[in-house]
Amino acid sequence: MGCKALVLAEHEGGAVREVTYELLGLAHRLAGEAGWGAGEIKALLVGRSIDGLAAEIAGRGAAEVIYAEGTAVEQYTGDGHGRTIEKVVRDEAPAILLIGHTPNGWDVAPIVAAGLGVPLATECSAVTFEEGRPRFTRKIFNGKFIQVVELGEARPLLATMQKGASPAFSGKTQGTVRKVAAAVAEGDLRARFVEIKKGEAGAVDLTQAPIIVSGGRGLGAAEKFSVIRELAAALGGQIGASRPVTDMGWLPHEHQVGSSGVTVSPKLYIACGISGAIQHIVGMRGSGFIVAVNKDADAPIFGVAEVGVVGDLFEIVPALTKAVKDAKGQS
Ligand code: FAD
């Protein structure tokens, strides 16, 4: 028993959530930098009758999956999961515990931190080693500032990581699964699960999109977004937006990229009519390749773009769409 890095696995609707593999990818990178063996990376899965998911995680990143099972944790509650996670962490004594900055993650992480009496860095976008000490990069004041923190000597170091902050682990492992009992019985639960209400069908998840075409206030009106839609469709990508676009109701909030929207890391991000305010940049600068189209040559977005086109987006974007369609033989 015992490990250096413990990752809290998440699952939904009978599938492992991608954030699990992102955390495992991060854990492997940290293990490489800290000189820990891959055998020191474990995942904790909490639930009931999900043996198949435990095996899947053992095959993709975790040397061991500790599967805490029980009827009291079949559905998420901060109390049931929190106490179960705390018990496993006390047994395993990891150096670092990584949790996704997801609705369940941001609910349970403070419960676990309080139970263990350790500090917590929330909504982190990066973890780096400086002189052998891990530092956590996170947004504060609603994204106006970036803070870099060390968490002191208490262990485990506990952080919630933004979705999309790290590439998902894509290799194969031959990990094992160890089943343990959840730390709470159903009669002991202080919070009770009632129901899950699903959001609207067709909602987008930009954090997982490999290609995003985003539009900003420069579009001028909701109906003019058709140029963005056409390019996104030609590329097989999703549609993103800056905050004014969602504030004005041109697109739903789930399309908003930035400090008060989502953080994305697609392979390709195309920003059209977006000036590049810091609150937007913090949400997309982790993209693999950034293209910006703006009629203002001094727009700050060009500071993070690999390719910048100075011009009218209503000329450039349709021409780009045509070029993509031509290249794909779709014209
Ligand atoms: P503008 O800054 O108005 O830029 C429009 C750009 O379009 C200009 O650069 C202009 O040159 C260009 N343009 C106009 N017409 C054309 C054309 N025909 N062709 C080409 N280019 C053209 N913003 C976010 O995006 N995401 C967030 O999550 C976010 N969170 C925030 C949180 C807080 C607490 C605060 C205070 C602000 C937040 N903002 C956020 C807002 C942010 O500060 C900026 O106001 C916003 O990003 C600007 O959006 P924009 O670039 O679309 O608009």
# chains A, B, ... in the order shown; residues from 1 in each chain; ligands from 1
$ residues_around --residues "Gln75 in chain A" --least-positions-apart "5" --cutoff "9 Å" --atoms "only C-alpha atoms" --output "ChimeraX atom specification"
/A:47-48,80-81,193
$ write_last_selection --atoms "N, CA and C atoms" --output "PDB file, in the first residue's frame"
ATOM      1  N   GLY A  47     -17.885   4.057  -6.272  1.00  0.00           N
ATOM      2  CA  GLY A  47     -19.181   3.777  -6.888  1.00  0.00           C
ATOM      3  C   GLY A  47     -19.654   2.381  -6.559  1.00  0.00           C
ATOM      4  N   ARG A  48     -20.524   1.875  -7.431  1.00  0.00           N
ATOM      5  CA  ARG A  48     -21.062   0.522  -7.207  1.00  0.00           C
ATOM      6  C   ARG A  48     -21.301  -0.166  -8.546  1.00  0.00           C
ATOM      7  N   GLY A  80     -20.782  11.073   1.428  1.00  0.00           N
ATOM      8  CA  GLY A  80     -20.384   9.681   1.213  1.00  0.00           C
ATOM      9  C   GLY A  80     -19.059   9.565   0.484  1.00  0.00           C
ATOM     10  N   HIS A  81     -18.920  10.327  -0.597  1.00  0.00           N
ATOM     11  CA  HIS A  81     -17.669  10.279  -1.352  1.00  0.00           C
ATOM     12  C   HIS A  81     -16.539  10.913  -0.550  1.00  0.00           C
ATOM     13  N   PHE A 193     -28.875  11.500  -1.910  1.00  0.00           N
ATOM     14  CA  PHE A 193     -29.027  11.773  -3.341  1.00  0.00           C
ATOM     15  C   PHE A 193     -30.510  11.740  -3.696  1.00  0.00           C
TER      16      PHE A 193
END
$ select_by_dssp --residues "range 246-306 of chain A" --states "alpha helix (DSSP H)" --output "VMD selection string"
chain A and resid 246 to 247 278 to 284
$ residues_around --residues "Asp205 in chain A" --least-positions-apart "4" --cutoff "12 Å" --atoms "only C-alpha atoms" --output "list in words"
Glu18, Lys163, Gly164, Ala201, Ala209, Pro210, Ile211, Ile212, Gly237, Gln238, Ile239, Gly240, His253, Glu254, His255, Gln256, Val257, Gly261, Val262, Thr263, Val264, Ser265 and Pro266 of chain A
$ select_by_dssp --residues "range 168-320 of chain A" --states "strand (DSSP E)" --output "PyMOL selection string"
chain A and resi 176-181+211-215+238-241+268-272+289-294+307-310
$ residues_around --residues "range 216-219 of chain A" --least-positions-apart "6" --cutoff "10 Å" --atoms "only C-alpha atoms" --output "PyMOL selection string"
chain A and resi 225-228+240-246+248+250+256+271-276+294-295+312-314
$ closest_residue --among "A:Ile57, A:Val293, A:Arg190, A:Ala159" --to "Arg83 in chain A" --atoms "only C-alpha atoms"
A:Arg190
$ atom_distance --atom1 "CA of Phe289 in chain A" --atom2 "CA of Val213 in chain A"
11.9 Å
$ closest_residue --among "A:Ala185, A:Leu26, A:Ile301, A:Val180" --to "Val282 in chain A" --atoms "only C-alpha atoms"
A:Ile301
$ closest_residue --among "A:Asp51, A:Glu92, A:Glu10, A:Glu123" --to "Asn104 in chain A" --atoms "only C-alpha atoms"
A:Glu10
$ atom_distance --atom1 "CA of Ile111 in chain A" --atom2 "CA of Ile85 in chain A"
9.6 Å
$ closest_residue --among "A:Val291, A:Ala72, A:Leu97, A:Ile278" --to "ligand 1" --atoms "only C-alpha atoms and all ligand atoms"
A:Ile278
$ residues_around --residues "Val127 in chain A" --least-positions-apart "6" --cutoff "10 Å" --atoms "only C-alpha atoms" --output "JSON, numbers by chain"
{"A": [26, 27, 29, 30, 134, 135, 136, 137, 138, 148, 149, 150, 159, 161, 165, 166]}
$ write_last_selection --atoms "N, CA and C atoms" --output "CSV table (one decimal), in the first residue's frame"
chain,number,residue,atom,x,y,z
A,26,LEU,N,-1.4,14.0,-16.3
A,26,LEU,CA,-0.6,14.9,-15.5
A,26,LEU,C,0.2,14.2,-14.5
A,27,ALA,N,-0.4,13.2,-13.8
A,27,ALA,CA,0.4,12.4,-12.8
A,27,ALA,C,1.6,11.8,-13.4
A,29,ARG,N,3.3,12.9,-16.0
A,29,ARG,CA,4.3,13.9,-16.2
A,29,ARG,C,5.0,14.3,-14.9
A,30,LEU,N,4.2,14.5,-13.9
A,30,LEU,CA,4.8,14.9,-12.6
A,30,LEU,C,5.7,13.7,-12.1
A,134,PRO,N,6.6,21.5,-6.0
A,134,PRO,CA,5.5,21.7,-6.9
A,134,PRO,C,4.8,23.1,-6.7
A,135,ARG,N,4.5,23.7,-7.8
A,135,ARG,CA,3.8,25.0,-7.8
A,135,ARG,C,2.5,24.9,-8.6
A,136,PHE,N,1.5,25.5,-8.1
A,136,PHE,CA,0.2,25.3,-8.7
A,136,PHE,C,-0.2,26.7,-9.3
A,137,THR,N,-0.6,26.7,-10.6
A,137,THR,CA,-1.0,27.9,-11.2
A,137,THR,C,-2.6,27.9,-11.3
A,138,ARG,N,-3.1,29.1,-10.8
A,138,ARG,CA,-4.6,29.1,-10.7
A,138,ARG,C,-5.1,30.6,-11.0
A,148,VAL,N,0.4,31.9,-8.6
A,148,VAL,CA,1.2,30.7,-8.5
A,148,VAL,C,1.4,30.4,-7.0
A,149,VAL,N,1.0,29.2,-6.6
A,149,VAL,CA,1.1,28.9,-5.1
A,149,VAL,C,1.9,27.6,-4.8
A,150,GLU,N,2.6,27.6,-3.7
A,150,GLU,CA,3.1,26.4,-3.1
A,150,GLU,C,2.2,26.1,-2.0
A,159,ALA,N,-5.1,19.3,-5.1
A,159,ALA,CA,-5.5,20.3,-6.1
A,159,ALA,C,-6.6,19.9,-7.0
A,161,MET,N,-8.0,20.3,-10.8
A,161,MET,CA,-7.4,20.8,-12.1
A,161,MET,C,-8.5,21.0,-13.1
A,165,ALA,N,-6.7,21.0,-18.9
A,165,ALA,CA,-5.5,21.6,-18.5
A,165,ALA,C,-4.3,20.7,-18.9
A,166,SER,N,-4.5,19.4,-19.0
A,166,SER,CA,-3.4,18.5,-19.3
A,166,SER,C,-3.9,17.5,-20.4
$ closest_residue --among "A:Ala95, A:Ala222, A:Val307, A:Ala109" --to "Ile290 in chain A" --atoms "only C-alpha atoms"
A:Val307
$ atom_distance --atom1 "atom 26 (N, counted along the ligand's line) of ligand 1" --atom2 "CA of Ile140 in chain A"
14.3 Å
$ closest_residue --among "A:Gly329, A:Gly308, A:Gly215, A:Gly82" --to "ligand 1" --atoms "only C-alpha atoms and all ligand atoms"
A:Gly215
$ residues_around --residues "Lys4 in chain A" --least-positions-apart "3" --cutoff "9 Å" --atoms "only C-alpha atoms" --output "PyMOL selection string"
chain A and resi 31+36-37+39-42+92-97+156
$ write_last_selection --atoms "C-alpha atoms" --output "tab-separated table (two decimals), in the first residue's frame"
chain	number	residue	atom	x	y	z
A	31	ALA	CA	6.15	11.37	-11.83
A	36	TRP	CA	8.73	8.63	-9.12
A	37	GLY	CA	8.10	5.30	-10.83
A	39	GLY	CA	4.03	2.17	-10.27
A	40	GLU	CA	3.52	5.03	-7.81
A	41	ILE	CA	0.49	6.35	-9.74
A	42	LYS	CA	-2.86	5.10	-8.53
A	92	GLU	CA	-2.33	5.38	0.93
A	93	ALA	CA	-0.61	8.56	2.16
A	94	PRO	CA	0.03	9.93	-1.37
A	95	ALA	CA	2.33	12.91	-1.91
A	96	ILE	CA	-0.24	14.48	-4.23
A	97	LEU	CA	-3.98	14.03	-4.71
A	156	PRO	CA	-0.99	15.23	0.34
$ decode --residues "range 214-231 of chain A" --atoms "N, CA and C atoms" --output "mmCIF file, in the first residue's frame"
data_model
loop_
_atom_site.group_PDB
_atom_site.id
_atom_site.type_symbol
_atom_site.label_atom_id
_atom_site.label_comp_id
_atom_site.auth_asym_id
_atom_site.auth_seq_id
_atom_site.Cartn_x
_atom_site.Cartn_y
_atom_site.Cartn_z
ATOM 1 N N SER A 214 -13.932 30.358 -32.942
ATOM 2 C CA SER A 214 -14.610 31.275 -32.016
ATOM 3 C C SER A 214 -14.879 32.619 -32.669
ATOM 4 N N GLY A 215 -16.005 33.187 -32.299
ATOM 5 C CA GLY A 215 -16.343 34.521 -32.779
ATOM 6 C C GLY A 215 -16.496 35.482 -31.617
ATOM 7 N N GLY A 216 -16.181 36.758 -31.877
ATOM 8 C CA GLY A 216 -16.292 37.777 -30.843
ATOM 9 C C GLY A 216 -17.245 38.882 -31.225
ATOM 10 N N ARG A 217 -17.158 39.971 -30.487
ATOM 11 C CA ARG A 217 -18.045 41.112 -30.716
ATOM 12 C C ARG A 217 -17.908 41.649 -32.148
ATOM 13 N N GLY A 218 -16.719 41.409 -32.749
ATOM 14 C CA GLY A 218 -16.483 41.863 -34.117
ATOM 15 C C GLY A 218 -17.477 41.301 -35.121
ATOM 16 N N LEU A 219 -18.193 40.231 -34.750
ATOM 17 C CA LEU A 219 -19.218 39.690 -35.643
ATOM 18 C C LEU A 219 -20.360 40.691 -35.812
ATOM 19 N N GLY A 220 -20.678 41.411 -34.765
ATOM 20 C CA GLY A 220 -21.661 42.487 -34.866
ATOM 21 C C GLY A 220 -23.102 42.112 -34.584
ATOM 22 N N ALA A 221 -23.511 40.874 -34.839
ATOM 23 C CA ALA A 221 -24.898 40.476 -34.614
ATOM 24 C C ALA A 221 -24.994 38.951 -34.598
ATOM 25 N N ALA A 222 -26.017 38.433 -33.899
ATOM 26 C CA ALA A 222 -26.184 36.976 -33.747
ATOM 27 C C ALA A 222 -26.251 36.286 -35.110
ATOM 28 N N GLU A 223 -27.020 36.874 -36.038
ATOM 29 C CA GLU A 223 -27.228 36.188 -37.331
ATOM 30 C C GLU A 223 -25.937 36.115 -38.159
ATOM 31 N N LYS A 224 -24.985 37.021 -37.836
ATOM 32 C CA LYS A 224 -23.737 36.999 -38.630
ATOM 33 C C LYS A 224 -22.821 35.838 -38.219
ATOM 34 N N PHE A 225 -23.212 35.118 -37.147
ATOM 35 C CA PHE A 225 -22.416 33.967 -36.724
ATOM 36 C C PHE A 225 -22.415 32.847 -37.766
ATOM 37 N N SER A 226 -23.271 32.983 -38.795
ATOM 38 C CA SER A 226 -23.308 31.926 -39.814
ATOM 39 C C SER A 226 -21.926 31.727 -40.442
ATOM 40 N N VAL A 227 -21.116 32.793 -40.560
ATOM 41 C CA VAL A 227 -19.777 32.605 -41.167
ATOM 42 C C VAL A 227 -18.907 31.715 -40.277
ATOM 43 N N ILE A 228 -19.076 31.875 -38.956
ATOM 44 C CA ILE A 228 -18.306 31.048 -38.006
ATOM 45 C C ILE A 228 -18.802 29.601 -38.072
ATOM 46 N N ARG A 229 -20.148 29.449 -38.078
ATOM 47 C CA ARG A 229 -20.738 28.102 -38.149
ATOM 48 C C ARG A 229 -20.256 27.351 -39.387
ATOM 49 N N GLU A 230 -20.199 28.065 -40.523
ATOM 50 C CA GLU A 230 -19.825 27.397 -41.775
ATOM 51 C C GLU A 230 -18.370 26.935 -41.739
ATOM 52 N N LEU A 231 -17.490 27.769 -41.180
ATOM 53 C CA LEU A 231 -16.089 27.349 -41.097
ATOM 54 C C LEU A 231 -15.951 26.178 -40.117
#
